[in-house]
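Notes to accompany the following structure.
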Amino acid sequence: MCQNTLPDLIKAADLQVKDRQESHAHSKERQREMAECSNKSSGETPDHKLISHRGFNLISGIHSPEVVDKIQNFEIRDSDVFVITYPKSGTIWMQQILSLIEVKGDVTATSNQLNSERMPWIEVSDSEKQFVSAPSPRFRVSHLSYKFMPLELKQKKGKVIYVARNPKDVLVSYYHFHKYANMLETPKDFDDFFEKFMKGNVYGNCWFEHVKNWYSHKDEMNFLYITYEEMIKDLRSVVERITSFLGRDLTPQQLNEVVEHSTFKNMKNNPQANYQLVSITMLNHEQGAFMRKGIIGDWRNYFTVAQNERFDEAYQQKMKDVPLSFIWDMNDPITS
Ligand code: PPS
């Protein structure tokens, strides 16, 4: 017969409490996991500058649902090129590279127009009118998710260049951009922005979903996948890949010119390339610069140990079936 002593009973009660605490902690953890990158949170927050449209956050005053919904009916020409990025992944860099490839590296030929005018966003007002009347080849950029894209693009008309960047550096860059951009809510501090990003409660929504979704549809399109980190480590070979993907023919000297005028230093000093000319109502130039640091691994200066562990856990969970890998530090080798 088993007779429970007082210490046994106390121990059993302790274990029950511990079990309950663990199960509570587990379910809280589960809830947090579920909340991370759940699009549902977007419309319910006090962040009045984001509007949720079909599960995707748009910026009020910049985007309109009507404009975005028209995109899927755009008629696509074979020569059209769409650059797709999650915010802060190297959009402006790709705009600069493509602009220069088109003029065979002659930077004087790009000095009469901003890159953002050469390669406009498809999600901003009036884009359809401009798109229909623009001469070929038409270059456009977008942060939108795959579901909004022109249907013909998904039937292998036109070309798509997707640029991805390691999400920890994206988060840090986006944090600074929120302080700098007047159309986005200024975060209270880094922790506050970290939470928003993890929940996908930003323009572009969840980084994981954006990359996964676009990448999983790559075979439906003429698709080139590039990473920011490859561009940092070996810009010339990336430029060569893009040139051949677009079917352009540049001499080695012209390729050198494209590379030379696309370095961080040269772009930072080039007002056509760096958003310096964008009005202060949009970007508060006293609060920062668009061309901020341009490096791999700045996240180490911001993430706490706990944030890093949490991020890694989310990354492992959400990217486990995705055949992509990222470079997190400058010394990491390129693996794919
Ligand atoms: S946006 O607002 O989404 O269009 O921003 P995006 O252009 O995608 O990303 C901005 C970040 O890209 C960096 N950048 C570069 N890094 C290295 N070399 C070059 N040439 C270059 N051009 C742009 C820019 O500095 C932003 O990153 P951070 O980390 O903030 O510096």
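Here's how to read the names in the structure tokens: chain A, B, ... by the order shown, residue numbers from 1 in each chain, ligand numbers from 1 in the order shown.
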Identify, counting only C-alpha atoms and all ligand atoms, the protein, DNA and RNA residues located within 8 Å of ligand 1, and give them as a compact mmCIF listing (two decimals) with N, CA, C and O atoms, in the first residue's frame.
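The result, stored in part-v8.txt:
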# COMPACT_ATOMS: atom_id res chain seq x y z
N THR A 85 10.45 43.29 -54.00
CA THR A 85 11.23 43.20 -52.76
C THR A 85 10.30 43.33 -51.56
O THR A 85 9.26 43.99 -51.63
N TYR A 86 10.70 42.72 -50.46
CA TYR A 86 10.15 43.12 -49.17
C TYR A 86 10.87 44.45 -48.85
O TYR A 86 12.05 44.60 -49.21
N PRO A 87 10.19 45.42 -48.19
CA PRO A 87 10.87 46.69 -47.92
C PRO A 87 12.26 46.51 -47.30
O PRO A 87 12.50 45.58 -46.53
N LYS A 88 13.14 47.40 -47.67
CA LYS A 88 14.52 47.51 -47.15
C LYS A 88 15.43 46.34 -47.54
O LYS A 88 16.38 46.01 -46.84
N SER A 89 15.13 45.76 -48.69
CA SER A 89 15.93 44.61 -49.12
C SER A 89 16.87 44.92 -50.27
O SER A 89 17.54 44.02 -50.79
N GLY A 90 16.88 46.18 -50.72
CA GLY A 90 17.78 46.54 -51.82
C GLY A 90 17.06 47.01 -53.07
O GLY A 90 17.61 46.93 -54.17
N THR A 91 15.87 47.54 -52.90
CA THR A 91 15.07 48.01 -54.05
C THR A 91 15.80 49.11 -54.81
O THR A 91 15.98 49.04 -56.03
N ILE A 92 16.22 50.12 -54.07
CA ILE A 92 16.85 51.28 -54.72
C ILE A 92 18.16 50.85 -55.41
O ILE A 92 18.53 51.37 -56.47
N TRP A 93 18.81 49.88 -54.83
CA TRP A 93 20.06 49.37 -55.39
C TRP A 93 19.78 48.70 -56.74
O TRP A 93 20.47 48.94 -57.73
N MET A 94 18.72 47.89 -56.76
CA MET A 94 18.37 47.22 -58.02
C MET A 94 17.89 48.25 -59.05
O MET A 94 18.17 48.12 -60.25
N HIS A 143 6.46 46.26 -53.62
CA HIS A 143 6.61 45.48 -52.38
C HIS A 143 5.40 44.56 -52.18
O HIS A 143 5.29 43.91 -51.15
N ASP A 169 18.68 42.04 -40.72
CA ASP A 169 19.13 43.35 -41.21
C ASP A 169 17.97 44.15 -41.81
O ASP A 169 17.94 45.38 -41.72
N VAL A 170 17.02 43.44 -42.41
CA VAL A 170 15.82 44.12 -42.92
C VAL A 170 15.12 44.82 -41.76
O VAL A 170 14.74 45.99 -41.85
N VAL A 172 16.25 45.87 -38.90
CA VAL A 172 16.99 47.04 -38.40
C VAL A 172 16.87 48.22 -39.37
O VAL A 172 16.61 49.36 -38.97
N SER A 173 17.02 47.93 -40.65
CA SER A 173 16.92 48.99 -41.66
C SER A 173 15.51 49.60 -41.66
O SER A 173 15.33 50.82 -41.76
N TYR A 174 14.52 48.73 -41.51
CA TYR A 174 13.12 49.18 -41.53
C TYR A 174 12.81 50.01 -40.27
O TYR A 174 12.06 50.99 -40.34
N HIS A 176 14.91 51.99 -38.75
CA HIS A 176 15.43 53.34 -39.01
C HIS A 176 14.55 54.07 -40.02
O HIS A 176 14.34 55.28 -39.91
N PHE A 177 14.07 53.33 -41.00
CA PHE A 177 13.23 53.96 -42.03
C PHE A 177 11.93 54.49 -41.41
O PHE A 177 11.43 55.54 -41.81
N TYR A 228 20.56 40.44 -51.40
CA TYR A 228 21.31 41.65 -51.07
C TYR A 228 22.75 41.28 -50.70
O TYR A 228 23.70 41.96 -51.09
N MET A 231 24.96 40.66 -53.50
CA MET A 231 25.33 41.93 -54.14
C MET A 231 26.46 42.61 -53.37
O MET A 231 27.36 43.20 -53.95
N ILE A 232 26.41 42.52 -52.05
CA ILE A 232 27.48 43.10 -51.24
C ILE A 232 28.79 42.36 -51.49
O ILE A 232 29.85 42.96 -51.63
N SER A 262 27.25 51.73 -58.88
CA SER A 262 26.23 51.13 -57.99
C SER A 262 26.80 50.83 -56.61
O SER A 262 26.13 50.18 -55.80
N THR A 263 28.01 51.27 -56.33
CA THR A 263 28.54 51.03 -54.98
C THR A 263 27.81 51.94 -53.99
O THR A 263 27.25 52.99 -54.38
N PHE A 264 27.81 51.54 -52.75
CA PHE A 264 27.14 52.33 -51.71
C PHE A 264 27.66 53.76 -51.70
O PHE A 264 26.89 54.73 -51.68
N LYS A 265 28.98 53.89 -51.75
CA LYS A 265 29.61 55.22 -51.65
C LYS A 265 29.14 56.12 -52.81
O LYS A 265 28.73 57.26 -52.60
N ASN A 266 29.18 55.58 -54.01
CA ASN A 266 28.80 56.41 -55.15
C ASN A 266 27.31 56.72 -55.18
O ASN A 266 26.89 57.81 -55.56
N MET A 267 26.50 55.75 -54.77
CA MET A 267 25.06 56.02 -54.74
C MET A 267 24.72 57.05 -53.66
O MET A 267 23.84 57.88 -53.83
N LYS A 268 25.41 56.96 -52.54
CA LYS A 268 25.14 57.92 -51.45
C LYS A 268 25.40 59.35 -51.91
O LYS A 268 24.72 60.29 -51.48
N ASN A 274 19.56 58.39 -54.61
CA ASN A 274 19.50 58.15 -53.16
C ASN A 274 18.33 58.78 -52.41
O ASN A 274 18.38 58.85 -51.18
N PHE A 290 18.43 57.78 -46.47
CA PHE A 290 17.97 56.55 -47.10
C PHE A 290 19.13 55.57 -47.24
O PHE A 290 19.03 54.40 -46.94
N MET A 291 20.26 56.10 -47.73
CA MET A 291 21.47 55.28 -47.83
C MET A 291 22.12 55.34 -46.46
O MET A 291 22.93 56.22 -46.17
N ARG A 292 21.76 54.45 -45.59
CA ARG A 292 22.13 54.54 -44.18
C ARG A 292 23.49 53.91 -43.92
O ARG A 292 24.49 54.60 -43.77
N LYS A 293 23.57 52.57 -43.90
CA LYS A 293 24.86 51.91 -43.65
C LYS A 293 25.26 50.98 -44.78
O LYS A 293 26.44 50.87 -45.10
N GLY A 294 24.28 50.26 -45.31
CA GLY A 294 24.55 49.37 -46.44
C GLY A 294 25.51 48.24 -46.12
O GLY A 294 26.43 47.97 -46.89
N ILE A 295 25.29 47.58 -44.98
CA ILE A 295 26.21 46.50 -44.60
C ILE A 295 25.43 45.23 -44.23
O ILE A 295 24.22 45.27 -44.04
N ILE A 296 26.19 44.13 -44.09
CA ILE A 296 25.61 42.88 -43.58
C ILE A 296 25.95 42.78 -42.09
O ILE A 296 27.10 42.99 -41.70
N ASP A 298 24.38 44.38 -39.34
CA ASP A 298 24.12 45.49 -38.41
C ASP A 298 23.16 45.07 -37.29
O ASP A 298 23.13 45.68 -36.22
Can you list, as an MDAnalysis selection string, all residues belonging to region 119-285 of chain A that DSSP tags as alpha helix (DSSP H)? chainID A and resid 127:133 167:180 190:199 207:216 228:233 235:246 252:260 264:268
As a count of residues only, please: the residues near region 306-310 of chain A (cut-off 12 Å, only C-alpha atoms, same-chain neighbours under 3 positions excluded). 27
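Distance check against Lys320 (chain A) using only C-alpha atoms: of A:Glu286, A:Pro135, A:Lys157, A:Lys212, the minimum falls on A:Lys212.
Of the residues listed (A:Leu283, A:Val202, A:Val259, A:Val238), A:Val202 shows the shortest atom-to-atom separation from Asn57 (chain A); distances use only C-alpha atoms.
Here CA of Tyr225 (chain A) and CA of Lys156 (chain A) stand 15.2 Å from one another.
Within region 98-319 of chain A, DSSP run on the backbone puts these residues in strand (DSSP E or B): Trp121, Val124, Phe139, Arg140, Val141, Ser142, Lys159, Val160, Ile161, Tyr162, Val163, Ala164, Ala181, Phe223, Leu224, Tyr225, Ile226, Thr227 and Leu283 of chain A.
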Kindly export the residues of the current selection with all heavy atoms, as a short mmCIF file (atom, residue, chain, number, x, y, z; two decimals), in the first residue's frame.
data_model
loop_
_atom_site.label_atom_id
_atom_site.label_comp_id
_atom_site.auth_asym_id
_atom_site.auth_seq_id
_atom_site.Cartn_x
_atom_site.Cartn_y
_atom_site.Cartn_z
N TRP A 121 6.79 52.73 -58.73
CA TRP A 121 6.07 51.71 -57.96
C TRP A 121 4.73 51.45 -58.65
O TRP A 121 4.05 52.40 -59.04
CB TRP A 121 5.81 52.23 -56.54
CG TRP A 121 7.08 52.53 -55.82
CD1 TRP A 121 7.74 53.72 -55.80
CD2 TRP A 121 7.86 51.61 -55.07
NE1 TRP A 121 8.89 53.59 -55.08
CE2 TRP A 121 9.00 52.31 -54.61
CE3 TRP A 121 7.73 50.27 -54.74
CZ2 TRP A 121 9.98 51.72 -53.83
CZ3 TRP A 121 8.70 49.68 -53.96
CH2 TRP A 121 9.81 50.41 -53.52
N VAL A 124 1.34 52.71 -56.40
CA VAL A 124 0.93 54.08 -56.07
C VAL A 124 -0.07 54.62 -57.10
O VAL A 124 -0.13 54.13 -58.22
CB VAL A 124 2.13 55.05 -55.94
CG1 VAL A 124 3.09 54.60 -54.85
CG2 VAL A 124 2.86 55.20 -57.25
N PHE A 139 10.10 49.19 -66.75
CA PHE A 139 10.63 48.65 -65.48
C PHE A 139 9.75 49.16 -64.34
O PHE A 139 9.47 50.36 -64.27
CB PHE A 139 12.06 49.12 -65.25
CG PHE A 139 13.07 48.42 -66.13
CD1 PHE A 139 13.29 48.86 -67.44
CD2 PHE A 139 13.79 47.34 -65.67
CE1 PHE A 139 14.21 48.21 -68.26
CE2 PHE A 139 14.70 46.69 -66.47
CZ PHE A 139 14.92 47.13 -67.77
N ARG A 140 9.33 48.28 -63.49
CA ARG A 140 8.51 48.67 -62.35
C ARG A 140 9.00 47.98 -61.08
O ARG A 140 9.61 46.91 -61.16
CB ARG A 140 7.03 48.27 -62.57
CG ARG A 140 6.33 49.06 -63.70
CD ARG A 140 6.21 50.52 -63.34
NE ARG A 140 5.54 51.34 -64.35
CZ ARG A 140 6.14 51.93 -65.39
NH1 ARG A 140 7.43 51.77 -65.59
NH2 ARG A 140 5.45 52.68 -66.23
N VAL A 141 8.74 48.62 -59.93
CA VAL A 141 9.08 47.98 -58.66
C VAL A 141 7.83 47.82 -57.81
O VAL A 141 6.85 48.56 -57.99
CB VAL A 141 10.16 48.78 -57.86
CG1 VAL A 141 11.50 48.75 -58.56
CG2 VAL A 141 9.72 50.20 -57.61
N SER A 142 7.89 46.88 -56.86
CA SER A 142 6.75 46.68 -55.98
C SER A 142 7.16 45.93 -54.72
O SER A 142 8.06 45.08 -54.76
CB SER A 142 5.65 45.89 -56.69
OG SER A 142 4.56 45.70 -55.81
N LYS A 159 9.25 39.73 -67.01
CA LYS A 159 10.26 39.11 -66.14
C LYS A 159 10.15 39.67 -64.73
O LYS A 159 9.75 40.83 -64.54
CB LYS A 159 11.65 39.40 -66.69
CG LYS A 159 11.90 38.66 -68.00
CD LYS A 159 13.29 38.83 -68.53
CE LYS A 159 13.44 37.87 -69.71
NZ LYS A 159 14.41 38.27 -70.69
N VAL A 160 10.54 38.83 -63.77
CA VAL A 160 10.51 39.25 -62.37
C VAL A 160 11.90 39.05 -61.76
O VAL A 160 12.50 37.98 -61.91
CB VAL A 160 9.49 38.40 -61.57
CG1 VAL A 160 9.59 38.70 -60.08
CG2 VAL A 160 8.08 38.63 -62.07
N ILE A 161 12.39 40.11 -61.11
CA ILE A 161 13.63 39.97 -60.32
C ILE A 161 13.23 40.15 -58.85
O ILE A 161 12.72 41.21 -58.46
CB ILE A 161 14.69 41.02 -60.72
CG1 ILE A 161 15.04 40.88 -62.20
CG2 ILE A 161 15.94 40.88 -59.84
CD1 ILE A 161 16.02 41.93 -62.72
N TYR A 162 13.41 39.11 -58.06
CA TYR A 162 13.07 39.19 -56.64
C TYR A 162 14.37 39.37 -55.85
O TYR A 162 15.29 38.56 -55.97
CB TYR A 162 12.35 37.92 -56.18
CG TYR A 162 11.80 38.03 -54.78
CD1 TYR A 162 10.49 38.45 -54.55
CD2 TYR A 162 12.59 37.79 -53.66
CE1 TYR A 162 9.98 38.60 -53.26
CE2 TYR A 162 12.10 37.94 -52.36
CZ TYR A 162 10.79 38.34 -52.18
OH TYR A 162 10.29 38.50 -50.90
N VAL A 163 14.44 40.44 -55.05
CA VAL A 163 15.63 40.67 -54.23
C VAL A 163 15.27 40.41 -52.76
O VAL A 163 14.34 41.04 -52.23
CB VAL A 163 16.18 42.11 -54.36
CG1 VAL A 163 17.52 42.24 -53.64
CG2 VAL A 163 16.31 42.51 -55.81
N ALA A 164 16.00 39.51 -52.13
CA ALA A 164 15.75 39.21 -50.71
C ALA A 164 16.99 39.58 -49.90
O ALA A 164 18.11 39.56 -50.41
CB ALA A 164 15.47 37.72 -50.53
N ALA A 181 10.83 58.14 -42.26
CA ALA A 181 9.73 58.36 -43.22
C ALA A 181 8.51 58.92 -42.51
O ALA A 181 8.02 58.34 -41.54
CB ALA A 181 9.38 57.03 -43.89
N PHE A 223 11.74 34.18 -63.72
CA PHE A 223 12.03 34.64 -62.37
C PHE A 223 13.52 34.57 -62.06
O PHE A 223 14.16 33.53 -62.27
CB PHE A 223 11.26 33.72 -61.41
CG PHE A 223 11.24 34.14 -59.98
CD1 PHE A 223 10.26 35.01 -59.50
CD2 PHE A 223 12.16 33.63 -59.07
CE1 PHE A 223 10.21 35.36 -58.16
CE2 PHE A 223 12.12 33.98 -57.73
CZ PHE A 223 11.14 34.84 -57.27
N LEU A 224 14.07 35.66 -61.54
CA LEU A 224 15.47 35.65 -61.09
C LEU A 224 15.50 36.04 -59.62
O LEU A 224 14.96 37.07 -59.23
CB LEU A 224 16.30 36.67 -61.90
CG LEU A 224 17.77 36.79 -61.51
CD1 LEU A 224 18.54 35.50 -61.84
CD2 LEU A 224 18.43 37.96 -62.23
N TYR A 225 16.12 35.17 -58.82
CA TYR A 225 16.20 35.41 -57.38
C TYR A 225 17.62 35.87 -57.03
O TYR A 225 18.59 35.21 -57.39
CB TYR A 225 15.85 34.11 -56.63
CG TYR A 225 16.03 34.18 -55.14
CD1 TYR A 225 15.04 34.72 -54.33
CD2 TYR A 225 17.20 33.69 -54.53
CE1 TYR A 225 15.20 34.77 -52.95
CE2 TYR A 225 17.36 33.74 -53.16
CZ TYR A 225 16.37 34.28 -52.37
OH TYR A 225 16.52 34.35 -51.01
N ILE A 226 17.70 37.00 -56.36
CA ILE A 226 19.00 37.60 -56.00
C ILE A 226 18.96 37.94 -54.52
O ILE A 226 17.90 38.32 -54.02
CB ILE A 226 19.19 38.95 -56.77
CG1 ILE A 226 19.12 38.76 -58.28
CG2 ILE A 226 20.43 39.70 -56.33
CD1 ILE A 226 20.43 38.43 -58.93
N THR A 227 20.08 37.86 -53.84
CA THR A 227 20.07 38.38 -52.46
C THR A 227 20.96 39.62 -52.34
O THR A 227 21.94 39.78 -53.08
CB THR A 227 20.55 37.33 -51.42
OG1 THR A 227 21.93 37.04 -51.65
CG2 THR A 227 19.73 36.07 -51.45
N LEU A 283 10.02 62.31 -46.49
CA LEU A 283 11.19 61.80 -45.79
C LEU A 283 11.84 62.93 -45.00
O LEU A 283 12.15 63.98 -45.57
CB LEU A 283 12.21 61.23 -46.79
CG LEU A 283 11.74 60.05 -47.64
CD1 LEU A 283 12.80 59.65 -48.67
CD2 LEU A 283 11.39 58.85 -46.77
#
Residues at most 10 Å from Val68 (chain A), counting only C-alpha atoms, excluding those fewer than 6 positions away in the same chain, as a list in words? His53, Leu58, Ile122, Glu123, Val124, Ser125, Ser127, Glu128, Leu144, Phe148 and Met149 of chain A
Write the residues you've just listed into a file as a PDB file, in the first residue's frame, and include C-alpha atoms for each of them.
ATOM      1  CA  HIS A  53      -6.591  45.358 -47.822  1.00  0.00           C
ATOM      2  CA  LEU A  58      -1.164  49.423 -47.422  1.00  0.00           C
ATOM      3  CA  ILE A 122       3.035  49.933 -59.357  1.00  0.00           C
ATOM      4  CA  GLU A 123       1.083  50.270 -56.128  1.00  0.00           C
ATOM      5  CA  VAL A 124       0.928  54.076 -56.066  1.00  0.00           C
ATOM      6  CA  SER A 125      -1.870  56.172 -57.495  1.00  0.00           C
ATOM      7  CA  SER A 127       0.485  53.980 -61.920  1.00  0.00           C
ATOM      8  CA  GLU A 128      -1.898  52.308 -64.355  1.00  0.00           C
ATOM      9  CA  LEU A 144       3.229  43.841 -52.904  1.00  0.00           C
ATOM     10  CA  PHE A 148      -1.876  41.205 -56.411  1.00  0.00           C
ATOM     11  CA  MET A 149       0.401  40.753 -59.417  1.00  0.00           C
TER      12      MET A 149
END
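Using only C-alpha atoms, the smallest distance between any of A:Lys129, A:Asn213, A:Tyr175, A:Ala109 and Lys147 (chain A) comes from A:Asn213.
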